[in-house]
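Q: Provided herewith: model_36.csv, CSV, C-alpha atoms.
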chain,number,residue,atom,x,y,z
A,1,MET,CA,-21.9,21.0,34.7
A,2,LEU,CA,-19.0,19.9,32.6
A,3,VAL,CA,-18.5,16.1,32.2
A,4,TRP,CA,-15.2,16.3,34.2
A,5,GLU,CA,-17.2,17.4,37.3
A,6,ARG,CA,-20.3,15.4,36.8
A,7,PRO,CA,-20.6,12.4,39.1
A,8,GLU,CA,-21.2,9.0,37.5
A,9,PRO,CA,-24.4,7.1,38.2
A,10,PRO,CA,-24.2,4.6,41.2
A,11,SER,CA,-22.8,1.3,40.0
A,12,ARG,CA,-25.3,-1.5,39.8
A,13,PRO,CA,-24.8,-5.2,39.3
A,14,THR,CA,-25.7,-6.0,35.6
A,15,PRO,CA,-24.5,-8.5,33.0
A,16,SER,CA,-22.7,-5.6,31.4
A,17,PRO,CA,-21.5,-3.1,34.1
A,18,LEU,CA,-20.6,0.3,32.9
A,19,SER,CA,-18.3,3.2,33.9
A,20,ARG,CA,-17.0,6.2,32.1
A,21,GLU,CA,-13.6,4.6,32.0
A,22,ARG,CA,-15.0,1.5,30.2
A,23,ILE,CA,-17.0,3.6,27.8
A,24,VAL,CA,-14.0,5.8,26.9
A,25,ARG,CA,-11.8,2.7,26.5
A,26,ALA,CA,-14.3,1.1,24.2
A,27,ALA,CA,-14.6,4.3,22.1
A,28,ILE,CA,-10.9,4.6,21.7
A,29,ASP,CA,-10.5,1.0,20.7
A,30,LEU,CA,-13.3,1.5,18.1
A,31,ALA,CA,-11.6,4.7,16.8
A,32,ASP,CA,-8.2,3.0,16.6
A,33,ARG,CA,-9.7,0.2,14.5
A,34,GLU,CA,-12.1,2.0,12.3
A,35,GLY,CA,-11.4,5.7,12.5
A,36,LEU,CA,-13.2,8.6,14.2
A,37,ASP,CA,-16.2,8.5,11.9
A,38,ALA,CA,-17.1,5.1,13.2
A,39,VAL,CA,-17.5,6.3,16.7
A,40,SER,CA,-21.1,6.7,17.8
A,41,LEU,CA,-22.8,6.1,21.1
A,42,ARG,CA,-24.8,3.3,19.5
A,43,LYS,CA,-21.6,1.5,18.4
A,44,VAL,CA,-19.8,2.0,21.7
A,45,ALA,CA,-22.8,0.7,23.5
A,46,ALA,CA,-22.9,-2.4,21.3
A,47,ALA,CA,-19.2,-3.0,22.0
A,48,LEU,CA,-20.0,-3.0,25.7
A,49,ASP,CA,-23.1,-5.2,25.2
A,50,ALA,CA,-25.3,-2.4,26.6
A,51,GLY,CA,-28.2,-0.4,25.4
A,52,PRO,CA,-27.4,3.0,24.0
A,53,MET,CA,-29.6,4.8,26.6
A,54,ARG,CA,-27.5,3.5,29.4
A,55,LEU,CA,-24.6,5.5,28.2
A,56,TYR,CA,-26.5,8.8,28.7
A,57,GLY,CA,-26.2,8.3,32.4
A,58,TYR,CA,-22.4,8.8,32.0
A,59,LEU,CA,-22.3,11.4,29.2
A,60,SER,CA,-24.8,13.6,27.4
A,61,THR,CA,-23.5,13.9,23.8
A,62,LYS,CA,-21.0,12.5,21.4
A,63,GLU,CA,-18.9,15.7,21.8
A,64,GLU,CA,-18.5,14.8,25.5
A,65,LEU,CA,-17.3,11.4,24.5
A,66,LEU,CA,-14.8,12.9,22.1
A,67,ASP,CA,-13.6,15.2,24.9
A,68,LEU,CA,-13.1,12.2,27.2
A,69,MET,CA,-11.3,10.3,24.5
A,70,VAL,CA,-8.9,13.1,23.8
A,71,ASP,CA,-8.2,13.6,27.5
A,72,GLU,CA,-7.4,9.9,27.9
A,73,VAL,CA,-4.8,10.2,25.2
A,74,TYR,CA,-3.3,13.3,26.9
A,75,GLY,CA,-2.9,11.0,29.9
A,76,GLU,CA,-0.6,8.8,27.8
A,77,ILE,CA,1.5,11.9,26.9
A,78,VAL,CA,2.2,13.5,30.2
A,79,ALA,CA,5.3,11.9,31.9
A,80,SER,CA,5.0,10.7,35.4
A,81,GLU,CA,8.2,12.5,36.2
A,82,PRO,CA,9.1,16.0,35.0
A,83,ALA,CA,12.1,16.4,32.7
A,84,GLY,CA,13.9,18.6,35.3
A,85,GLY,CA,15.1,22.2,34.8
A,86,ASP,CA,16.0,21.9,31.1
A,87,TRP,CA,13.2,23.7,29.2
A,88,ARG,CA,14.4,22.3,25.8
A,89,ALA,CA,14.4,18.7,27.1
A,90,ALA,CA,11.0,19.1,28.7
A,91,LEU,CA,9.4,20.5,25.5
A,92,ARG,CA,11.2,18.0,23.3
A,93,ASP,CA,10.0,15.1,25.5
A,94,LEU,CA,6.4,16.4,25.4
A,95,ALA,CA,6.6,16.8,21.6
A,96,ARG,CA,7.9,13.3,21.1
A,97,ARG,CA,5.3,11.8,23.4
A,98,THR,CA,2.6,13.7,21.5
A,99,ARG,CA,3.8,12.3,18.2
A,100,GLN,CA,4.0,8.8,19.6
A,101,ALA,CA,0.5,9.0,21.0
A,102,ALA,CA,-0.9,10.4,17.7
A,103,LEU,CA,0.7,7.5,15.8
A,104,ARG,CA,-1.0,5.0,18.1
A,105,HIS,CA,-4.3,6.9,17.9
A,106,GLU,CA,-4.4,8.6,14.5
A,107,TRP,CA,-7.8,10.1,15.1
A,108,PHE,CA,-6.2,12.2,18.0
A,109,ALA,CA,-4.5,14.5,15.5
A,110,ASP,CA,-7.9,15.2,13.9
A,111,LEU,CA,-9.1,16.7,17.2
A,112,LEU,CA,-6.1,18.9,18.0
A,113,GLY,CA,-6.4,22.6,17.5
A,114,GLY,CA,-9.3,25.0,18.0
A,115,ARG,CA,-10.4,25.7,21.5
A,116,PRO,CA,-8.1,24.3,24.2
A,117,HIS,CA,-9.0,21.0,25.8
A,118,LEU,CA,-9.7,21.4,29.5
A,119,GLY,CA,-9.8,17.9,30.9
A,120,PRO,CA,-7.6,17.0,33.8
A,121,ASN,CA,-5.0,15.3,31.7
A,122,ALA,CA,-5.0,18.1,29.1
A,123,LEU,CA,-4.5,20.6,31.9
A,124,ALA,CA,-1.6,18.5,33.2
A,125,TYR,CA,-0.1,18.5,29.7
A,126,LEU,CA,-0.4,22.3,29.6
A,127,GLU,CA,1.0,22.6,33.1
A,128,SER,CA,4.1,20.6,32.1
A,129,SER,CA,4.6,22.8,29.1
A,130,LEU,CA,4.3,26.0,31.0
A,131,ALA,CA,6.3,24.8,34.0
A,132,ALA,CA,9.2,24.2,31.8
A,133,LEU,CA,9.2,27.9,31.1
A,134,LYS,CA,8.4,29.1,34.6
A,135,ASP,CA,11.1,31.8,34.5
A,136,VAL,CA,9.9,33.3,31.2
A,137,PRO,CA,7.5,36.3,31.1
A,138,VAL,CA,3.9,35.1,30.5
A,139,THR,CA,3.6,36.6,27.1
A,140,ALA,CA,6.7,35.0,25.8
A,141,MET,CA,5.8,31.7,27.6
A,142,LEU,CA,2.5,31.5,25.7
A,143,ARG,CA,4.1,32.3,22.4
A,144,VAL,CA,6.9,29.7,22.8
A,145,VAL,CA,4.4,27.0,23.8
A,146,SER,CA,2.0,28.0,20.9
A,147,THR,CA,4.9,27.9,18.4
A,148,VAL,CA,6.2,24.5,19.5
A,149,ASN,CA,2.6,23.1,19.6
A,150,ALA,CA,1.9,24.4,16.1
A,151,TYR,CA,5.0,22.7,14.7
A,152,VAL,CA,4.1,19.4,16.5
A,153,MET,CA,0.5,19.5,15.2
A,154,GLY,CA,1.5,20.3,11.7
A,155,ALA,CA,4.3,17.7,11.5
A,156,VAL,CA,2.1,15.0,13.1
A,157,ARG,CA,-0.8,15.7,10.8
A,158,ARG,CA,1.4,15.6,7.7
A,159,GLU,CA,2.8,12.2,8.8
A,160,ILE,CA,-0.6,10.7,9.5
A,161,THR,CA,-2.0,12.1,6.3
A,162,GLU,CA,0.9,10.3,4.4
A,163,LEU,CA,0.1,7.1,6.2
A,164,ARG,CA,-3.5,7.3,5.3
A,165,ALA,CA,-2.7,8.1,1.7
A,166,GLU,CA,-0.4,5.1,1.5
A,167,ARG,CA,-3.2,2.8,2.8
A,168,ALA,CA,-5.8,4.3,0.5
A,169,SER,CA,-3.7,4.2,-2.7
A,170,GLY,CA,-1.5,1.2,-2.0
A,171,LEU,CA,1.6,3.4,-2.9
A,172,ASP,CA,4.2,4.5,-0.5
A,173,GLU,CA,5.7,8.0,-1.0
A,174,GLN,CA,8.5,6.8,-3.2
A,175,GLU,CA,6.1,4.8,-5.4
A,176,TRP,CA,3.8,7.8,-5.6
A,177,ARG,CA,6.7,10.1,-6.7
A,178,SER,CA,7.6,7.6,-9.4
A,179,THR,CA,4.0,7.8,-10.7
A,180,VAL,CA,3.9,11.6,-10.8
A,181,GLY,CA,7.5,12.0,-11.9
A,182,PRO,CA,7.0,12.2,-15.7
A,183,TYR,CA,4.2,14.8,-15.3
A,184,LEU,CA,6.3,16.9,-13.0
A,185,THR,CA,9.3,16.7,-15.3
A,186,ARG,CA,7.2,18.0,-18.2
A,187,MET,CA,5.8,20.9,-16.1
A,188,LEU,CA,9.2,22.0,-14.9
A,189,ALA,CA,10.6,21.8,-18.5
A,190,THR,CA,8.2,24.7,-19.4
A,191,GLY,CA,10.4,27.1,-17.4
A,192,ARG,CA,7.5,28.6,-15.5
A,193,TYR,CA,8.5,27.2,-12.1
A,194,PRO,CA,12.2,27.9,-11.7
A,195,ALA,CA,12.1,28.0,-7.9
A,196,VAL,CA,10.2,24.6,-7.8
A,197,ALA,CA,12.8,23.2,-10.3
A,198,ARG,CA,15.7,24.3,-8.1
A,199,PHE,CA,13.9,22.8,-5.1
A,200,VAL,CA,13.3,19.5,-6.8
A,201,ALA,CA,16.8,19.3,-8.1
A,202,GLY,CA,18.2,19.7,-4.6
A,203,ASP,CA,19.0,16.9,-2.1
A,204,ASP,CA,15.9,14.7,-1.7
A,205,VAL,CA,16.1,14.8,2.1
A,206,GLN,CA,13.0,15.5,4.2
A,207,PRO,CA,13.9,16.7,7.7
A,208,ASP,CA,12.7,14.2,10.3
A,209,PHE,CA,10.5,15.1,13.2
A,210,ASP,CA,13.3,15.7,15.7
A,211,GLU,CA,15.4,17.8,13.3
A,212,GLY,CA,12.5,20.1,12.6
A,213,LEU,CA,11.7,20.3,16.3
A,214,ASP,CA,15.3,21.3,17.0
A,215,TRP,CA,15.0,24.1,14.4
A,216,VAL,CA,11.9,25.4,16.2
A,217,LEU,CA,13.5,25.2,19.6
A,218,ASP,CA,16.5,27.1,18.3
A,219,GLY,CA,14.2,29.7,16.9
A,220,VAL,CA,12.4,30.3,20.2
A,221,ALA,CA,15.5,30.0,22.4
A,222,PRO,CA,16.3,33.8,22.3
A,223,HIS,CA,12.9,34.4,23.9
A,224,VAL,CA,13.7,32.1,26.8
A,225,THR,CA,15.7,33.6,29.7
A,226,GLY,CA,18.9,31.8,30.2
A,227,ALA,CA,18.5,29.7,27.1
A,228,PRO,CA,21.6,28.1,25.8
Would you mind writing the file out in C-alpha cells?
A:
Amino acid sequence: MLVWERPEPPSRPTPSPLSRERIVRAAIDLADREGLDAVSLRKVAAALDAGPMRLYGYLSTKEELLDLMVDEVYGEIVASEPAGGDWRAALRDLARRTRQAALRHEWFADLLGGRPHLGPNALAYLESSLAALKDVPVTAMLRVVSTVNAYVMGAVRREITELRAERASGLDEQEWRSTVGPYLTRMLATGRYPAVARFVAGDDVQPDFDEGLDWVLDGVAPHVTGAP
C-alpha cells in the first residue's frame, strides 16, 4: 500500500508525539537548512527527539519520506482558487508559484522530473494544469503541459545552480564573468568560435523567468483552441 493510503499508527501520549505531518515538516526544515543530502531518518528523528525506529511506523523508507516532502511543497504551489477561464493566466500562475516554492526549498528542484509524483497535492497541481486546458484535445493538452513544465524545471534549476555556485565560490555572476573574461577574450581572438563571438558581443541581457515563460506560452498558443 502506498504511503498516501497507509493509515498512521494510533497516537499515544509520549514526551515526543509523532505524526506524518510533524515528520515531514522536520525533514523539510532540515533540507532547507542543510540540503537534501543531510536528510536521513536518523537526523529527522533526532530533530523530533524521537528514536529512529519510531519513524518506521509512519513510513518505510527514505524514498517515502522524500515523496511526502515533495508533495508538501506541491501543496504550497496549488492556489486555493483557480485562475478562471484564462489558460495562459492559469499556467503562468502555476509556473510562478513553482519557481517561488523552489527558491524557498532549493532541494525541491533536485526531485523534479522522472516519474510523475502521485501524492494528493501533486495530483491537485496536475489537475489545475490540465483543467486550464479542458477544451484542448488530450494529446495537445499533454504536450502543452509537458512543454511548459520542461521550461519551468530548466529555468528554476539554472537559477538555483547559479545561487549554489555563488555560495560555493563567493563570486556572483558578474564577478565570475570578470574572472573568466581574459581567457574568453583570448579564445575568441583565435577566430575558431565566430558564432560564440557574435553572441558575446551582443546585448548582455539574460531573459528573466517571466519573459522566457511568455515565449513558451506564445509557442504553444496555436495548439490551444481559442488561444489569443
Q: So the first atom is CA of Trp176 (chain A) and the second is CA of Arg164 (chain A); what is the distance between them in Å, to one decimal place?
A: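 CA of Arg164 (chain A) lies 13.1 Å from CA of Trp176 (chain A).
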Q: So, with only C-alpha atoms as the atoms that count, which of A:Asp32, A:Glu162, A:Glu21, A:Asp218 lies closest to Thr147 (chain A)?
A: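 Looking only at the distances to Thr147 (chain A), the closest residue turns out to be A:Asp218.
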Q: So, counting only C-alpha atoms, which residue among A:Gly191, A:Gly85, A:Pro222, A:Gly170 is closest to Val144 (chain A)?
A: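 Of the candidates, the smallest distance to Val144 (chain A) is held by A:Pro222.
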Q: Would you mind telling me which residue in A:Glu8, A:Glu173, A:Glu211, A:Asp29 lies nearest to Gly57 (chain A) when using all atoms listed in the file?
A: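 When distances to Gly57 (chain A) are compared using all atoms listed in the file, the smallest one comes from A:Glu8.
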Q: Taking the point (-3.5, 13.5, 30.3) as given in the file, collect each protein or nucleic acid residue that comes within 12 Å of it, counting all atoms listed in the file, and present the set as an mmCIF file with C-alpha atoms, keeping the file's coordinate frame.
A:
data_model
loop_
_atom_site.group_PDB
_atom_site.id
_atom_site.type_symbol
_atom_site.label_atom_id
_atom_site.label_comp_id
_atom_site.auth_asym_id
_atom_site.auth_seq_id
_atom_site.Cartn_x
_atom_site.Cartn_y
_atom_site.Cartn_z
ATOM 1 C CA ASP A 67 -13.600 15.200 24.900
ATOM 2 C CA LEU A 68 -13.100 12.200 27.200
ATOM 3 C CA MET A 69 -11.300 10.300 24.500
ATOM 4 C CA VAL A 70 -8.900 13.100 23.800
ATOM 5 C CA ASP A 71 -8.200 13.600 27.500
ATOM 6 C CA GLU A 72 -7.400 9.900 27.900
ATOM 7 C CA VAL A 73 -4.800 10.200 25.200
ATOM 8 C CA TYR A 74 -3.300 13.300 26.900
ATOM 9 C CA GLY A 75 -2.900 11.000 29.900
ATOM 10 C CA GLU A 76 -0.600 8.800 27.800
ATOM 11 C CA ILE A 77 1.500 11.900 26.900
ATOM 12 C CA VAL A 78 2.200 13.500 30.200
ATOM 13 C CA ALA A 79 5.300 11.900 31.900
ATOM 14 C CA SER A 80 5.000 10.700 35.400
ATOM 15 C CA LEU A 94 6.400 16.400 25.400
ATOM 16 C CA ARG A 97 5.300 11.800 23.400
ATOM 17 C CA THR A 98 2.600 13.700 21.500
ATOM 18 C CA ALA A 101 0.500 9.000 21.000
ATOM 19 C CA HIS A 117 -9.000 21.000 25.800
ATOM 20 C CA LEU A 118 -9.700 21.400 29.500
ATOM 21 C CA GLY A 119 -9.800 17.900 30.900
ATOM 22 C CA PRO A 120 -7.600 17.000 33.800
ATOM 23 C CA ASN A 121 -5.000 15.300 31.700
ATOM 24 C CA ALA A 122 -5.000 18.100 29.100
ATOM 25 C CA LEU A 123 -4.500 20.600 31.900
ATOM 26 C CA ALA A 124 -1.600 18.500 33.200
ATOM 27 C CA TYR A 125 -0.100 18.500 29.700
ATOM 28 C CA LEU A 126 -0.400 22.300 29.600
ATOM 29 C CA GLU A 127 1.000 22.600 33.100
ATOM 30 C CA SER A 128 4.100 20.600 32.100
#
Q: Tell me, in Å to one decimal, how far CA of Tyr58 (chain A) is from CA of Pro17 (chain A).
A: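 The value is 12.1 Å.
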Q: Using only C-alpha atoms, which of the listed residues (A:Ala189, A:Ala38, A:Val138, A:Val200) sits closest to Arg177 (chain A)?
A: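 Of A:Ala189, A:Ala38, A:Val138, A:Val200, the one nearest Arg177 (chain A), counting only C-alpha atoms, is A:Val200.
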Q: Pick from A:Ala45, A:Ala90, A:Leu163, A:Ala221: nearest to Ser129 (chain A), with all atoms listed in the file counted?
A: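 Using all atoms listed in the file, the shortest distance to Ser129 (chain A) belongs to A:Ala90.
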Q: Would you mind telling me which residue in A:Arg92, A:Asp172, A:Leu112, A:Thr185 lies nearest to Ala150 (chain A) when using only C-alpha atoms?
A: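 The closest residue to Ala150 (chain A) is A:Leu112.
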Q: So how many Å separate CA of Met53 (chain A) and CA of Leu41 (chain A), to one decimal?
A: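 So the two atoms, CA of Met53 (chain A) and CA of Leu41 (chain A), lie 8.8 Å apart.
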